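Below: one structure, written as structure tokens.
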Amino acid sequence: MLSEFISAAYLALWISSCAFTSAEDPYMTRALQLMSETPLIDGHNDLPWQLRMQFNNELNRVDLNTLETTHTNIPKIKEGRLGAQFWSAYVPCQTQYKDAVRQTLEQIDVIHRMCLKYPETFKFATSSNEIMEAFNMNKTACLIGVEGGHSLDSSLGTLRIMYQLGVRYLTLTHSCNTPWADNWLVDTGSEPSQHNGLSPFGKQLIVEMNRLGMLIDLAHVPVAVMKQVLDMSEAPVIFSHSSAYSVCPHKRNVPDDVLRRVNETGGIVMVNFYNDYVTCGKTANLSHVTDHFDHIKKVAGAGIVGFGGDYDGVSRLPEGLEDVSKMPKVVAELLRRGWSDEEVKAALGNNLLRVLSKAEKVRDGLKGKSPDDVPIPYDEVKNSCRTRYGYLNAGAVHSLSTLALLLTLALQALITLTAL
């Protein structure tokens with residue numbers, strides 16, 4: 001009898017709590033309703049890097065249901081109503097010219113293993129349709145983005161293999177130049193430009209990404225690269241975790257003229273929550289974050305806005321947005337600021353679904369095109385850790401061709417002299 005009374009009391013408290021919440025904050029009630037209809041798709045989360053740094057990717061040593069040393073775990077994902085997540089396969093720039101490819105493959109592997117270990121929570125996805133399939137199953141879709149072109153070791157073959165392993169976006173650079181692209185630090189003046197944006201091979205890579213259907217991520221690139229890619233890509237681009245430069249003039253953010261070009265080309269800018277990119281200071285709050293959403297909408301429309309929290313990849317987060325469980329607060333704040341239901345749904349996930357679907361259509365339209373197998377010139381990647389295999393044959397052919405040309409010229413000169 002006592003247990004029945006206690007159960008009834010708890011039920012009454014729960015009902016009154018829900019009613020109080022609804023009456024107290026109708027915007028949150030509406031936010032949660034919209035998030036039940038449209039998946040919240042976040043563009044960038046560095047939990048896989050935390051798994052490497054804290055556990056050396058030994059998943060048997062960690063339980064994501066109880067992990068408390070990260071911004072992201074399964075209870076927080078569920079409370080945050082996270083419909084789909086691009087997990088970052090990131091390795092530092094210090095791996096460039098060394099073991100970047102191996103370490104990146106290990107990060108891709110740990111993402112796959114993480115999603116397989118918790119099948120009741122996660123479902124791996126590689127397409128816009130598969131994101132919706134996972135959402136309709138009440139699971140979080142797992143997608144992969146590789147953060148930094150140094151992870152390719154300047155190889156189109158490596159790009160293709162990573163696509164086959166499920167990678168669906170590549171951030172062209174991180175915080176170092178590659179042999180074919182400048183990084184965002186060039187715009188700060190702290191690093192020199194090596195390519196005036198993209199090298200010829202960098203442009204080859206953009207074309208090949210279009211052919212594959214891999215999204216081009218322009219977070220971490222300088223304005224010159226942003227504009228070059230926007231001019232040449234057949235598919236829309238993404239900024240997986242960048243904010244508005246006019247609100248916070250940090251070189252990792254996106255200037256207004258580029259925002260307008262993203263709108264013209266059908267792309268998306270997924271707002272970063274890192275304090276340094278939100279306020280250009282050490283502290284920030286929920287209102288500051290939504291200022292970026294408002295500005296992007298004002299300049300280029302709600303059709304290019306998305307979420308790119310950068311959880312577990314940053315050291316400072318806004319007050320009220322301390323982990324992924326807090327994401328619904330952003331949605332409620334957008335509604336409070338007058339965003340319509342359709343605009344909120346666009347920002348939640350419909351914009352990203354549109355961009356990915358368009359990239360898939362571009363890929364399908366290029367099915368008759370052969371893979372690009374012309375490698376980067378050896379002189380552009382020559383270093384002590386790189387062998388010349390393949391290039392040696394090309395060099396031999398070049399030498400033979402030069403010798404044949406010289407012999408031909410000598411023979412012609414001899415014939416001319418004999419005739420005289």
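The way I read the labels, and the way they are meant: chains A, B, ... in the order of the structure tokens, residue 1 as the first residue of every chain, and ligand 1 as the first ligand shown, with later ones counted on from there.
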
Near-region 148-157 of chain A list (7 Å; only C-alpha atoms; drop same-chain fewer than 4 positions) as a list in words | Cys93, Gln96, Tyr97, Ala100, Val101, Thr104, Ile161, Leu170, Thr171, Leu172, Thr173, His174, Thr178, Leu205 and Ile376 of chain A

Run DSSP on the backbone of this structure and report the residues of region 156-333 of chain A it assigns to strand (DSSP E), as a ChimeraX atom specification.
-> /A:167-171,215-217,238-239,268-271,305-307

Go ahead and save the picked residues with C-alpha atoms, as a PDB file, in the first residue's frame.
```
ATOM      1  CA  VAL A 167      34.052   9.286 -44.424  1.00  0.00           C
ATOM      2  CA  ARG A 168      31.583  11.851 -45.728  1.00  0.00           C
ATOM      3  CA  TYR A 169      33.461  15.112 -45.294  1.00  0.00           C
ATOM      4  CA  LEU A 170      37.041  16.297 -45.380  1.00  0.00           C
ATOM      5  CA  THR A 171      38.130  19.515 -43.689  1.00  0.00           C
ATOM      6  CA  LEU A 215      31.420  17.032 -48.656  1.00  0.00           C
ATOM      7  CA  ILE A 216      34.062  19.768 -48.756  1.00  0.00           C
ATOM      8  CA  ASP A 217      34.492  21.329 -45.313  1.00  0.00           C
ATOM      9  CA  ILE A 238      29.921  23.008 -45.496  1.00  0.00           C
ATOM     10  CA  PHE A 239      31.616  24.842 -42.653  1.00  0.00           C
ATOM     11  CA  ILE A 268      25.731  25.528 -44.838  1.00  0.00           C
ATOM     12  CA  VAL A 269      27.599  27.173 -41.941  1.00  0.00           C
ATOM     13  CA  MET A 270      27.327  25.136 -38.723  1.00  0.00           C
ATOM     14  CA  VAL A 271      27.761  27.422 -35.716  1.00  0.00           C
ATOM     15  CA  VAL A 305      22.511  27.750 -40.765  1.00  0.00           C
ATOM     16  CA  GLY A 306      23.338  24.635 -38.758  1.00  0.00           C
ATOM     17  CA  PHE A 307      24.799  23.338 -35.503  1.00  0.00           C
TER      18      PHE A 307
END
```

CA of Asn45 (chain A) and CA of Asp312 (chain A), how far apart in Å?
->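 Spanning CA of Asp312 (chain A) to CA of Asn45 (chain A) is a straight-line distance of 6.3 Å.
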
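Close contacts of Arg336 (chain A), defined as residues with an atom at most 12 Å away when counting only C-alpha atoms, with chain neighbours fewer than 2 positions off set aside, comprise Asp25, Pro26, Tyr27, Met28, Thr29, Arg30, Ala31, Ser287, Thr290, Asp294, Lys329, Val330, Val331, Ala332, Glu333, Leu334, Gly338, Trp339, Ser340, Asp341 and Val344 of chain A.
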
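With only C-alpha atoms as the atoms that count, the residue of A:Gly390, A:Gly43, A:Pro375, A:Gly281 with the shortest distance to Ser240 (chain A) is A:Gly43.
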
Gly80 (chain A) environment, 12 Å, only C-alpha atoms, sequence neighbours closer than 3 positions dropped, as a PyMOL selection string | chain A and resi 31-32+35-36+39-42+71-77+83-85+140+309+321-331

As a ChimeraX atom specification, please: all residues of region 1-181 of chain A that backbone DSSP puts in helix (DSSP H, G or I).
-> /A:2-24,26-37,47-55,59-61,74-79,93-95,100-117,128-136,149-152,156-164

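Distances to Ile206 (chain A) were evaluated for A:Glu191, A:Asp46, A:Glu342, A:Glu234 using only C-alpha atoms, and the minimum falls at A:Glu234.
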
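Interatomic distance, CA of Asn350 (chain A) against CA of Leu212 (chain A): 22.0 Å.
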
Counting only C-alpha atoms, which of A:Leu165, A:Cys248, A:Val229, A:Met214 gets nearest to Ala181 (chain A)?
->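 Among the listed residues, the smallest separation from Ala181 (chain A) belongs to A:Val229.
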
What lies within 9 Å of Lys251 (chain A) using only C-alpha atoms, ignoring chain neighbours under 5 positions off, as a ChimeraX atom specification?
-> /A:184-185,187-188,220-223,245,277

Distance query region 114-116 of chain A at most 8 Å, only C-alpha atoms, self and fewer than 5 positions along chain excluded, as a PDB file with N, CA and C atoms, in the first residue's frame:
```
ATOM      1  N   LEU A  59      38.348   0.697 -26.187  1.00  0.00           N
ATOM      2  CA  LEU A  59      36.939   0.869 -25.809  1.00  0.00           C
ATOM      3  C   LEU A  59      36.493  -0.070 -24.711  1.00  0.00           C
ATOM      4  N   THR A 121      21.839   2.635 -29.237  1.00  0.00           N
ATOM      5  CA  THR A 121      21.921   4.099 -29.270  1.00  0.00           C
ATOM      6  C   THR A 121      22.304   4.622 -30.642  1.00  0.00           C
ATOM      7  N   PHE A 122      23.256   3.944 -31.288  1.00  0.00           N
ATOM      8  CA  PHE A 122      23.841   4.451 -32.534  1.00  0.00           C
ATOM      9  C   PHE A 122      23.497   3.582 -33.733  1.00  0.00           C
ATOM     10  N   LYS A 123      23.487   4.237 -34.910  1.00  0.00           N
ATOM     11  CA  LYS A 123      23.373   3.517 -36.188  1.00  0.00           C
ATOM     12  C   LYS A 123      24.290   4.222 -37.182  1.00  0.00           C
ATOM     13  N   PHE A 124      25.197   3.480 -37.779  1.00  0.00           N
ATOM     14  CA  PHE A 124      26.132   4.087 -38.715  1.00  0.00           C
ATOM     15  C   PHE A 124      25.392   4.543 -39.965  1.00  0.00           C
ATOM     16  N   CYS A 142      25.482   7.894 -36.825  1.00  0.00           N
ATOM     17  CA  CYS A 142      26.927   8.134 -36.722  1.00  0.00           C
ATOM     18  C   CYS A 142      27.493   8.380 -38.105  1.00  0.00           C
TER      19      CYS A 142
END
```

Quick one: distance from CA of Asn177 (chain A) to CA of Val225 (chain A) in Å, one decimal?
->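 CA of Val225 (chain A) lies at a distance of 11.6 Å from CA of Asn177 (chain A).
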
Taking only C-alpha atoms into account, which of A:Asp310, A:Asp256, A:Glu208, A:Glu319 comes nearest His241 (chain A)?
->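 Closest residue, counting only C-alpha atoms: A:Asp310.
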
Got a sec: who's within 10 Å of Gln164 (chain A), counting only C-alpha atoms, leaving out chain neighbours fewer than 5 positions off, as a VMD selection string?
-> chain A and resid 126 158 to 159 212
